[in-house]
$ cat coords.txt   # compact mmCIF, C-alpha atoms
# COMPACT_ATOMS: atom_id res chain seq x y z
CA MET Q 1 -8.87 56.08 -6.15
CA THR Q 2 -7.75 59.58 -5.59
CA TYR Q 3 -8.73 62.63 -3.70
CA SER Q 4 -9.93 65.94 -5.06
CA PRO Q 5 -7.08 68.36 -5.77
CA LYS Q 6 -8.01 70.78 -2.99
CA ARG Q 7 -8.66 69.60 0.56
CA GLY Q 8 -11.83 71.02 1.98
CA SER Q 9 -13.04 71.86 -1.50
CA SER Q 10 -16.61 72.98 -1.97
CA GLU Q 11 -16.48 72.25 -5.69
CA PHE Q 12 -15.04 69.80 -8.18
CA ARG Q 13 -14.69 70.30 -11.93
CA PRO Q 14 -13.24 67.35 -13.86
CA ASP Q 15 -11.35 67.59 -17.10
CA GLY Q 16 -14.13 65.79 -18.97
CA GLY Q 17 -15.25 62.24 -18.31
CA VAL Q 18 -18.29 60.66 -16.74
CA VAL Q 19 -19.41 62.07 -13.39
CA VAL Q 20 -21.72 60.06 -11.14
CA GLY Q 21 -23.32 61.17 -7.91
CA ASP Q 22 -23.55 58.63 -5.09
CA ASP Q 23 -25.35 59.11 -1.79
CA GLY Q 24 -25.24 55.57 -0.45
CA SER Q 25 -28.73 54.62 -1.68
CA ALA Q 26 -29.80 51.72 -3.90
CA CYS Q 27 -30.39 54.20 -6.73
CA GLY Q 28 -26.90 55.57 -6.15
CA ALA Q 29 -25.45 52.07 -6.52
CA ALA Q 30 -27.38 51.51 -9.74
CA ALA Q 31 -26.17 54.87 -11.06
CA LEU Q 32 -22.58 53.97 -10.14
CA ARG Q 33 -22.75 50.69 -12.05
CA ALA Q 34 -24.34 52.36 -15.10
CA ALA Q 35 -21.76 55.16 -15.03
CA ALA Q 36 -18.87 52.68 -14.88
CA LEU Q 37 -20.28 50.85 -17.90
CA GLU Q 38 -20.83 54.09 -19.82
CA ALA Q 39 -17.32 55.37 -19.01
CA ARG Q 40 -15.82 52.10 -20.27
CA ARG Q 41 -17.92 52.25 -23.46
CA ARG Q 42 -16.84 55.82 -24.17
CA GLY Q 43 -13.22 55.34 -23.09
CA LEU Q 44 -13.56 58.15 -20.54
CA PRO Q 45 -12.46 58.46 -16.93
CA LEU Q 46 -15.08 57.90 -14.22
CA HIS Q 47 -15.45 60.40 -11.39
CA VAL Q 48 -17.57 59.49 -8.37
CA VAL Q 49 -18.84 62.53 -6.47
CA ARG Q 50 -20.07 62.19 -2.90
CA SER Q 51 -21.32 65.51 -1.57
CA TRP Q 52 -21.50 66.01 2.16
CA THR Q 53 -22.55 68.45 4.83
CA ILE Q 54 -22.08 68.23 8.57
CA ALA Q 55 -25.48 66.52 8.76
CA THR Q 56 -24.62 63.86 6.14
CA ALA Q 57 -20.88 63.34 6.76
CA VAL Q 58 -19.50 60.10 8.11
CA ARG Q 59 -18.44 60.53 11.73
CA PRO Q 60 -14.80 59.50 12.22
CA ALA Q 61 -14.58 56.32 14.30
CA ASP Q 62 -11.46 57.51 16.15
CA VAL Q 63 -13.08 60.69 17.54
CA PRO Q 64 -14.62 60.04 20.98
CA GLN Q 65 -18.28 60.83 21.55
CA GLY Q 66 -18.70 64.26 23.06
CA LEU Q 67 -15.97 65.75 20.88
CA VAL Q 68 -16.71 67.45 17.59
CA PRO Q 69 -14.54 66.28 14.70
CA SER Q 70 -12.89 68.88 12.48
CA LEU Q 71 -14.08 69.40 8.91
CA LEU Q 72 -10.96 67.63 7.67
CA GLU Q 73 -11.72 64.63 9.90
CA PHE Q 74 -15.32 64.49 8.64
CA GLU Q 75 -14.06 64.78 5.07
CA ALA Q 76 -11.45 62.04 5.48
CA ALA Q 77 -13.96 59.64 7.05
CA THR Q 78 -16.50 60.39 4.31
CA LEU Q 79 -13.87 59.81 1.61
CA ALA Q 80 -12.72 56.50 3.13
CA THR Q 81 -16.31 55.27 3.41
CA GLU Q 82 -17.14 56.27 -0.18
CA GLU Q 83 -13.99 54.60 -1.54
CA GLN Q 84 -14.99 51.39 0.25
CA ARG Q 85 -18.54 51.63 -1.09
CA VAL Q 86 -17.28 52.08 -4.66
CA LYS Q 87 -15.14 48.95 -4.29
CA GLU Q 88 -18.12 46.99 -2.95
CA VAL Q 89 -20.58 48.21 -5.60
CA LEU Q 90 -18.26 47.78 -8.58
CA GLY Q 91 -16.48 44.73 -7.16
CA ASP Q 92 -14.05 43.05 -9.50
CA ALA Q 93 -15.76 44.65 -12.48
CA ALA Q 94 -13.38 47.58 -12.25
CA GLU Q 95 -10.04 46.68 -13.75
CA ALA Q 96 -6.94 48.56 -12.67
CA ALA Q 97 -7.25 50.94 -15.62
CA ASP Q 98 -10.93 51.55 -14.86
CA VAL Q 99 -10.58 52.47 -11.18
CA PRO Q 100 -12.69 55.58 -10.66
CA ASP Q 101 -11.55 58.75 -8.99
CA VAL Q 102 -13.57 59.38 -5.84
CA HIS Q 103 -14.18 62.97 -4.83
CA VAL Q 104 -15.87 64.28 -1.71
CA VAL Q 105 -17.31 67.76 -1.97
CA HIS Q 106 -18.49 69.86 0.96
CA ALA Q 107 -21.65 71.21 -0.67
CA PRO Q 108 -25.31 70.34 -1.18
CA PRO Q 109 -25.72 67.46 -3.67
CA ALA Q 110 -27.33 69.36 -6.56
CA LYS Q 111 -24.76 72.15 -6.36
CA ALA Q 112 -21.84 69.69 -6.28
CA LEU Q 113 -23.14 67.73 -9.28
CA LEU Q 114 -24.11 70.76 -11.36
CA THR Q 115 -20.65 72.28 -10.80
CA ALA Q 116 -18.99 69.02 -11.89
CA ALA Q 117 -21.32 68.84 -14.90
CA GLU Q 118 -19.94 72.16 -16.19
CA THR Q 119 -16.84 70.38 -17.51
CA ALA Q 120 -18.00 66.75 -17.69
CA ASP Q 121 -19.02 64.83 -20.79
CA LEU Q 122 -21.88 63.04 -19.02
CA LEU Q 123 -23.57 63.27 -15.62
CA VAL Q 124 -25.18 60.13 -14.16
CA VAL Q 125 -27.62 60.23 -11.25
CA GLY Q 126 -30.13 57.88 -9.68
CA THR Q 127 -33.84 58.64 -9.89
CA ARG Q 128 -34.02 59.31 -6.17
CA GLY Q 129 -31.77 59.04 -3.17
CA MET Q 130 -32.06 59.05 0.57
CA GLY Q 131 -34.93 61.56 0.77
CA GLY Q 132 -37.96 60.70 2.85
CA PHE Q 133 -40.62 60.88 0.13
CA GLU Q 134 -40.66 57.29 -1.08
CA ARG Q 135 -43.53 57.77 -3.53
CA LEU Q 136 -41.64 60.32 -5.59
CA LEU Q 137 -40.63 58.96 -8.97
CA LEU Q 138 -37.89 61.55 -9.32
CA GLY Q 139 -35.98 63.09 -6.44
CA SER Q 140 -35.14 66.76 -6.13
CA VAL Q 141 -31.44 66.35 -6.95
CA ALA Q 142 -32.14 64.37 -10.13
CA GLU Q 143 -34.75 66.92 -11.17
CA GLN Q 144 -32.36 69.84 -10.66
CA CYS Q 145 -29.65 68.02 -12.62
CA ILE Q 146 -32.00 67.37 -15.54
CA ARG Q 147 -33.10 70.99 -15.63
CA HIS Q 148 -29.78 72.76 -15.12
CA ALA Q 149 -26.82 70.53 -16.09
CA ALA Q 150 -24.45 71.84 -18.75
CA CYS Q 151 -23.88 68.33 -20.15
CA SER Q 152 -26.03 65.32 -21.00
CA VAL Q 153 -27.66 63.61 -18.01
CA LEU Q 154 -28.41 59.91 -17.63
CA VAL Q 155 -30.98 59.14 -14.93
CA VAL Q 156 -30.84 55.54 -13.72
CA ARG Q 157 -33.77 53.79 -12.07
CA SER Q 158 -33.19 51.49 -9.16
CA PRO Q 159 -33.65 47.79 -9.94
$ encode --input "coords.txt" --output "structure tokens"
Amino acid sequence: MTYSPKRGSSEFRPDGGVVVGDDGSACGAAALRAAALEARRRGLPLHVVRSWTIATAVRPADVPQGLVPSLLEFEAATLATEEQRVKEVLGDAAEAADVPDVHVVHAPPAKALLTAAETADLLVVGTRGMGGFERLLLGSVAEQCIRHAACSVLVVRSP
């Protein structure tokens, strides 16, 4: 797994491939598995995008309470956590050649995914993520991706 080319980047544009958004939810895990399968079928690279803001970033374990971590520390902790999650979700299903690139983007989720979709072959999202409206069939990020993505979008329902 690799890091985005620019540290502290607020955008990511792949050179083609399958892009999947993951937010740590069950729908995100289902989308990740579907995207890995689709990337393998198409013979394309898989790019996992985890967007983050200060409110959603992973707090670094080595920063004492009472101190505010730097953006780079938040970013590094978020990246490490997402890389671990990808390993857990995909398990041994990912062969060495199929190991996805994990990118953390400091931006709202819809913006991060729509920017990545500008140069991707396929964008994969879950129907809904961590939002508080459990009765929604389609979350706001998935809806924005369907309406505005520059590439095809696959929306994956949670099992």
$ residues_around --input "coords.txt" --residues "Pro159 of chain Q" --least-positions-apart "4" --cutoff "12 Å" --atoms "only C-alpha atoms" --output "PDB file with C-alpha atoms, in the coordinates of the input"
ATOM      1  CA  SER Q  25     -28.730  54.620  -1.680  1.00  0.00           C
ATOM      2  CA  ALA Q  26     -29.800  51.720  -3.900  1.00  0.00           C
ATOM      3  CA  CYS Q  27     -30.390  54.200  -6.730  1.00  0.00           C
ATOM      4  CA  GLY Q  28     -26.900  55.570  -6.150  1.00  0.00           C
ATOM      5  CA  ALA Q  29     -25.450  52.070  -6.520  1.00  0.00           C
ATOM      6  CA  ALA Q  30     -27.380  51.510  -9.740  1.00  0.00           C
ATOM      7  CA  ALA Q  31     -26.170  54.870 -11.060  1.00  0.00           C
ATOM      8  CA  ARG Q  33     -22.750  50.690 -12.050  1.00  0.00           C
ATOM      9  CA  ALA Q  34     -24.340  52.360 -15.100  1.00  0.00           C
ATOM     10  CA  GLY Q 126     -30.130  57.880  -9.680  1.00  0.00           C
ATOM     11  CA  THR Q 127     -33.840  58.640  -9.890  1.00  0.00           C
TER      12      THR Q 127
END
$ atom_distance --input "coords.txt" --atom1 "atom CA of Ala120 of chain Q" --atom2 "atom CA of Gln144 of chain Q"
16.3 Å
$ closest_residue --input "coords.txt" --among "Q:Glu88, Q:Asp62, Q:Glu83, Q:Glu73" --to "Val49 of chain Q" --atoms "only C-alpha atoms"
Q:Glu83
$ residues_near_point --input "coords.txt" --point "(-21.0, 62.7, -16.3)" --cutoff "7 Å" --atoms "only C-alpha atoms" --output "list in words"
Gly17, Val18, Val19, Val20, Ala117, Ala120, Asp121, Leu122, Leu123, Val124 and Val153 of chain Q
$ residues_near_point --input "coords.txt" --point "(-32.0, 72.1, -8.6)" --cutoff "9 Å" --atoms "only C-alpha atoms" --output "list of chain:residue names"
Q:Ala110, Q:Lys111, Q:Leu114, Q:Ser140, Q:Val141, Q:Ala142, Q:Glu143, Q:Gln144, Q:Cys145, Q:Ile146, Q:Arg147, Q:His148
$ closest_residue --input "coords.txt" --among "Q:Val68, Q:Ala57, Q:Val125, Q:Val99" --to "Gly139 of chain Q" --atoms "only C-alpha atoms"
Q:Val125
$ atom_distance --input "coords.txt" --atom1 "atom CA of Gly16 of chain Q" --atom2 "atom CA of Glu118 of chain Q"
9.1 Å
$ atom_distance --input "coords.txt" --atom1 "atom CA of Gly24 of chain Q" --atom2 "atom CA of Leu71 of chain Q"
20.1 Å
$ residues_around --input "coords.txt" --residues "Gly43 of chain Q" --least-positions-apart "2" --cutoff "12 Å" --atoms "all atoms listed in the file" --output "list in words"
Gly16, Gly17, Val18, Ala35, Ala36, Leu37, Glu38, Ala39, Arg40, Arg41, Pro45, Leu46, Ala97, Asp98 and Asp121 of chain Q
$ residues_around --input "coords.txt" --residues "Arg50 of chain Q" --least-positions-apart "2" --cutoff "8 Å" --atoms "all atoms listed in the file" --output "list of chain:residue names"
Q:Gly21, Q:Asp22, Q:Asp23, Q:Val48, Q:Trp52, Q:Glu82, Q:Val102, Q:His103, Q:Val104, Q:Val105, Q:Pro109
$ closest_residue --input "coords.txt" --among "Q:Ala107, Q:Leu72, Q:Pro14, Q:Thr78" --to "Arg59 of chain Q" --atoms "all atoms listed in the file"
Q:Thr78
$ closest_residue --input "coords.txt" --among "Q:Ala149, Q:Val58, Q:Asp15, Q:Leu32" --to "Thr115 of chain Q" --atoms "all atoms listed in the file"
Q:Ala149
$ decode --input "coords.txt" --residues "segment 3-46 of chain Q" --atoms "N, CA and C atoms" --output "PDB file, in the first residue's frame"
ATOM      1  N   TYR Q   3       1.242   5.695  -0.335  1.00  0.00           N
ATOM      2  CA  TYR Q   3       0.684   6.965   0.086  1.00  0.00           C
ATOM      3  C   TYR Q   3       0.484   7.862  -1.120  1.00  0.00           C
ATOM      4  N   SER Q   4      -0.456   8.767  -1.024  1.00  0.00           N
ATOM      5  CA  SER Q   4      -0.672   9.734  -2.090  1.00  0.00           C
ATOM      6  C   SER Q   4       0.613  10.482  -2.380  1.00  0.00           C
ATOM      7  N   PRO Q   5       0.804  10.926  -3.634  1.00  0.00           N
ATOM      8  CA  PRO Q   5       2.049  11.575  -4.008  1.00  0.00           C
ATOM      9  C   PRO Q   5       2.392  12.816  -3.200  1.00  0.00           C
ATOM     10  N   LYS Q   6       1.387  13.601  -2.812  1.00  0.00           N
ATOM     11  CA  LYS Q   6       1.664  14.829  -2.079  1.00  0.00           C
ATOM     12  C   LYS Q   6       1.178  14.690  -0.647  1.00  0.00           C
ATOM     13  N   ARG Q   7       2.050  14.923   0.315  1.00  0.00           N
ATOM     14  CA  ARG Q   7       1.626  14.913   1.711  1.00  0.00           C
ATOM     15  C   ARG Q   7       0.705  16.092   1.943  1.00  0.00           C
ATOM     16  N   GLY Q   8      -0.293  15.882   2.748  1.00  0.00           N
ATOM     17  CA  GLY Q   8      -1.226  16.945   3.065  1.00  0.00           C
ATOM     18  C   GLY Q   8      -2.126  17.304   1.902  1.00  0.00           C
ATOM     19  N   SER Q   9      -2.246  16.422   0.954  1.00  0.00           N
ATOM     20  CA  SER Q   9      -3.010  16.703  -0.252  1.00  0.00           C
ATOM     21  C   SER Q   9      -4.496  16.801   0.042  1.00  0.00           C
ATOM     22  N   SER Q  10      -5.138  17.748  -0.620  1.00  0.00           N
ATOM     23  CA  SER Q  10      -6.584  17.867  -0.492  1.00  0.00           C
ATOM     24  C   SER Q  10      -7.284  17.293  -1.723  1.00  0.00           C
ATOM     25  N   GLU Q  11      -6.512  16.626  -2.576  1.00  0.00           N
ATOM     26  CA  GLU Q  11      -7.124  15.965  -3.726  1.00  0.00           C
ATOM     27  C   GLU Q  11      -6.248  14.819  -4.199  1.00  0.00           C
ATOM     28  N   PHE Q  12      -6.880  13.888  -4.889  1.00  0.00           N
ATOM     29  CA  PHE Q  12      -6.190  12.735  -5.456  1.00  0.00           C
ATOM     30  C   PHE Q  12      -6.833  12.433  -6.798  1.00  0.00           C
ATOM     31  N   ARG Q  13      -6.012  12.337  -7.830  1.00  0.00           N
ATOM     32  CA  ARG Q  13      -6.483  11.971  -9.170  1.00  0.00           C
ATOM     33  C   ARG Q  13      -5.628  10.808  -9.663  1.00  0.00           C
ATOM     34  N   PRO Q  14      -6.221   9.609  -9.749  1.00  0.00           N
ATOM     35  CA  PRO Q  14      -5.446   8.457 -10.215  1.00  0.00           C
ATOM     36  C   PRO Q  14      -5.250   8.496 -11.721  1.00  0.00           C
ATOM     37  N   ASP Q  15      -4.353   7.678 -12.177  1.00  0.00           N
ATOM     38  CA  ASP Q  15      -4.152   7.489 -13.605  1.00  0.00           C
ATOM     39  C   ASP Q  15      -5.025   6.314 -14.037  1.00  0.00           C
ATOM     40  N   GLY Q  16      -6.327   6.475 -13.986  1.00  0.00           N
ATOM     41  CA  GLY Q  16      -7.242   5.388 -14.301  1.00  0.00           C
ATOM     42  C   GLY Q  16      -7.393   4.437 -13.133  1.00  0.00           C
ATOM     43  N   GLY Q  17      -8.098   3.350 -13.368  1.00  0.00           N
ATOM     44  CA  GLY Q  17      -8.292   2.342 -12.333  1.00  0.00           C
ATOM     45  C   GLY Q  17      -9.641   2.459 -11.656  1.00  0.00           C
ATOM     46  N   VAL Q  18      -9.817   1.614 -10.652  1.00  0.00           N
ATOM     47  CA  VAL Q  18     -11.043   1.582  -9.862  1.00  0.00           C
ATOM     48  C   VAL Q  18     -10.782   2.330  -8.563  1.00  0.00           C
ATOM     49  N   VAL Q  19     -11.627   3.299  -8.269  1.00  0.00           N
ATOM     50  CA  VAL Q  19     -11.535   4.082  -7.035  1.00  0.00           C
ATOM     51  C   VAL Q  19     -12.692   3.684  -6.144  1.00  0.00           C
ATOM     52  N   VAL Q  20     -12.405   3.419  -4.872  1.00  0.00           N
ATOM     53  CA  VAL Q  20     -13.452   3.093  -3.914  1.00  0.00           C
ATOM     54  C   VAL Q  20     -13.306   3.991  -2.697  1.00  0.00           C
ATOM     55  N   GLY Q  21     -14.435   4.502  -2.237  1.00  0.00           N
ATOM     56  CA  GLY Q  21     -14.444   5.301  -1.021  1.00  0.00           C
ATOM     57  C   GLY Q  21     -14.747   4.418   0.175  1.00  0.00           C
ATOM     58  N   ASP Q  22     -13.979   4.608   1.257  1.00  0.00           N
ATOM     59  CA  ASP Q  22     -14.213   3.842   2.478  1.00  0.00           C
ATOM     60  C   ASP Q  22     -14.250   4.799   3.656  1.00  0.00           C
ATOM     61  N   ASP Q  23     -15.266   4.644   4.491  1.00  0.00           N
ATOM     62  CA  ASP Q  23     -15.405   5.498   5.672  1.00  0.00           C
ATOM     63  C   ASP Q  23     -15.417   4.696   6.965  1.00  0.00           C
ATOM     64  N   GLY Q  24     -15.136   3.408   6.885  1.00  0.00           N
ATOM     65  CA  GLY Q  24     -15.122   2.581   8.079  1.00  0.00           C
ATOM     66  C   GLY Q  24     -16.448   1.912   8.384  1.00  0.00           C
ATOM     67  N   SER Q  25     -17.458   2.131   7.575  1.00  0.00           N
ATOM     68  CA  SER Q  25     -18.785   1.553   7.811  1.00  0.00           C
ATOM     69  C   SER Q  25     -18.899   0.162   7.185  1.00  0.00           C
ATOM     70  N   ALA Q  26     -20.008  -0.519   7.494  1.00  0.00           N
ATOM     71  CA  ALA Q  26     -20.275  -1.821   6.879  1.00  0.00           C
ATOM     72  C   ALA Q  26     -20.476  -1.670   5.377  1.00  0.00           C
ATOM     73  N   CYS Q  27     -21.142  -0.605   4.959  1.00  0.00           N
ATOM     74  CA  CYS Q  27     -21.316  -0.356   3.522  1.00  0.00           C
ATOM     75  C   CYS Q  27     -19.964  -0.087   2.862  1.00  0.00           C
ATOM     76  N   GLY Q  28     -19.091   0.605   3.569  1.00  0.00           N
ATOM     77  CA  GLY Q  28     -17.750   0.865   3.047  1.00  0.00           C
ATOM     78  C   GLY Q  28     -16.977  -0.427   2.835  1.00  0.00           C
ATOM     79  N   ALA Q  29     -17.115  -1.372   3.766  1.00  0.00           N
ATOM     80  CA  ALA Q  29     -16.447  -2.670   3.629  1.00  0.00           C
ATOM     81  C   ALA Q  29     -16.999  -3.448   2.443  1.00  0.00           C
ATOM     82  N   ALA Q  30     -18.313  -3.415   2.280  1.00  0.00           N
ATOM     83  CA  ALA Q  30     -18.927  -4.099   1.135  1.00  0.00           C
ATOM     84  C   ALA Q  30     -18.466  -3.473  -0.174  1.00  0.00           C
ATOM     85  N   ALA Q  31     -18.376  -2.145  -0.207  1.00  0.00           N
ATOM     86  CA  ALA Q  31     -17.901  -1.447  -1.405  1.00  0.00           C
ATOM     87  C   ALA Q  31     -16.446  -1.809  -1.688  1.00  0.00           C
ATOM     88  N   LEU Q  32     -15.639  -1.911  -0.659  1.00  0.00           N
ATOM     89  CA  LEU Q  32     -14.229  -2.267  -0.818  1.00  0.00           C
ATOM     90  C   LEU Q  32     -14.077  -3.655  -1.422  1.00  0.00           C
ATOM     91  N   ARG Q  33     -14.849  -4.609  -0.927  1.00  0.00           N
ATOM     92  CA  ARG Q  33     -14.781  -5.970  -1.480  1.00  0.00           C
ATOM     93  C   ARG Q  33     -15.252  -6.001  -2.936  1.00  0.00           C
ATOM     94  N   ALA Q  34     -16.335  -5.294  -3.234  1.00  0.00           N
ATOM     95  CA  ALA Q  34     -16.851  -5.259  -4.611  1.00  0.00           C
ATOM     96  C   ALA Q  34     -15.857  -4.576  -5.544  1.00  0.00           C
ATOM     97  N   ALA Q  35     -15.226  -3.514  -5.071  1.00  0.00           N
ATOM     98  CA  ALA Q  35     -14.251  -2.792  -5.895  1.00  0.00           C
ATOM     99  C   ALA Q  35     -13.025  -3.655  -6.176  1.00  0.00           C
ATOM    100  N   ALA Q  36     -12.581  -4.411  -5.183  1.00  0.00           N
ATOM    101  CA  ALA Q  36     -11.427  -5.297  -5.386  1.00  0.00           C
ATOM    102  C   ALA Q  36     -11.748  -6.353  -6.442  1.00  0.00           C
ATOM    103  N   LEU Q  37     -12.941  -6.902  -6.376  1.00  0.00           N
ATOM    104  CA  LEU Q  37     -13.374  -7.896  -7.362  1.00  0.00           C
ATOM    105  C   LEU Q  37     -13.464  -7.273  -8.753  1.00  0.00           C
ATOM    106  N   GLU Q  38     -14.040  -6.094  -8.841  1.00  0.00           N
ATOM    107  CA  GLU Q  38     -14.196  -5.419 -10.132  1.00  0.00           C
ATOM    108  C   GLU Q  38     -12.837  -5.030 -10.716  1.00  0.00           C
ATOM    109  N   ALA Q  39     -11.915  -4.560  -9.891  1.00  0.00           N
ATOM    110  CA  ALA Q  39     -10.574  -4.207 -10.365  1.00  0.00           C
ATOM    111  C   ALA Q  39      -9.857  -5.442 -10.911  1.00  0.00           C
ATOM    112  N   ARG Q  40     -10.003  -6.571 -10.225  1.00  0.00           N
ATOM    113  CA  ARG Q  40      -9.379  -7.814 -10.688  1.00  0.00           C
ATOM    114  C   ARG Q  40      -9.996  -8.253 -12.011  1.00  0.00           C
ATOM    115  N   ARG Q  41     -11.321  -8.168 -12.121  1.00  0.00           N
ATOM    116  CA  ARG Q  41     -12.000  -8.553 -13.373  1.00  0.00           C
ATOM    117  C   ARG Q  41     -11.539  -7.719 -14.558  1.00  0.00           C
ATOM    118  N   ARG Q  42     -11.368  -6.426 -14.312  1.00  0.00           N
ATOM    119  CA  ARG Q  42     -10.997  -5.500 -15.388  1.00  0.00           C
ATOM    120  C   ARG Q  42      -9.488  -5.403 -15.603  1.00  0.00           C
ATOM    121  N   GLY Q  43      -8.710  -5.976 -14.698  1.00  0.00           N
ATOM    122  CA  GLY Q  43      -7.256  -5.868 -14.809  1.00  0.00           C
ATOM    123  C   GLY Q  43      -6.753  -4.453 -14.543  1.00  0.00           C
ATOM    124  N   LEU Q  44      -7.426  -3.752 -13.624  1.00  0.00           N
ATOM    125  CA  LEU Q  44      -7.089  -2.362 -13.317  1.00  0.00           C
ATOM    126  C   LEU Q  44      -6.579  -2.243 -11.889  1.00  0.00           C
ATOM    127  N   PRO Q  45      -5.806  -1.206 -11.616  1.00  0.00           N
ATOM    128  CA  PRO Q  45      -5.372  -0.984 -10.231  1.00  0.00           C
ATOM    129  C   PRO Q  45      -6.551  -0.529  -9.362  1.00  0.00           C
ATOM    130  N   LEU Q  46      -6.465  -0.837  -8.078  1.00  0.00           N
ATOM    131  CA  LEU Q  46      -7.485  -0.442  -7.110  1.00  0.00           C
ATOM    132  C   LEU Q  46      -6.929   0.656  -6.218  1.00  0.00           C
TER     133      LEU Q  46
END
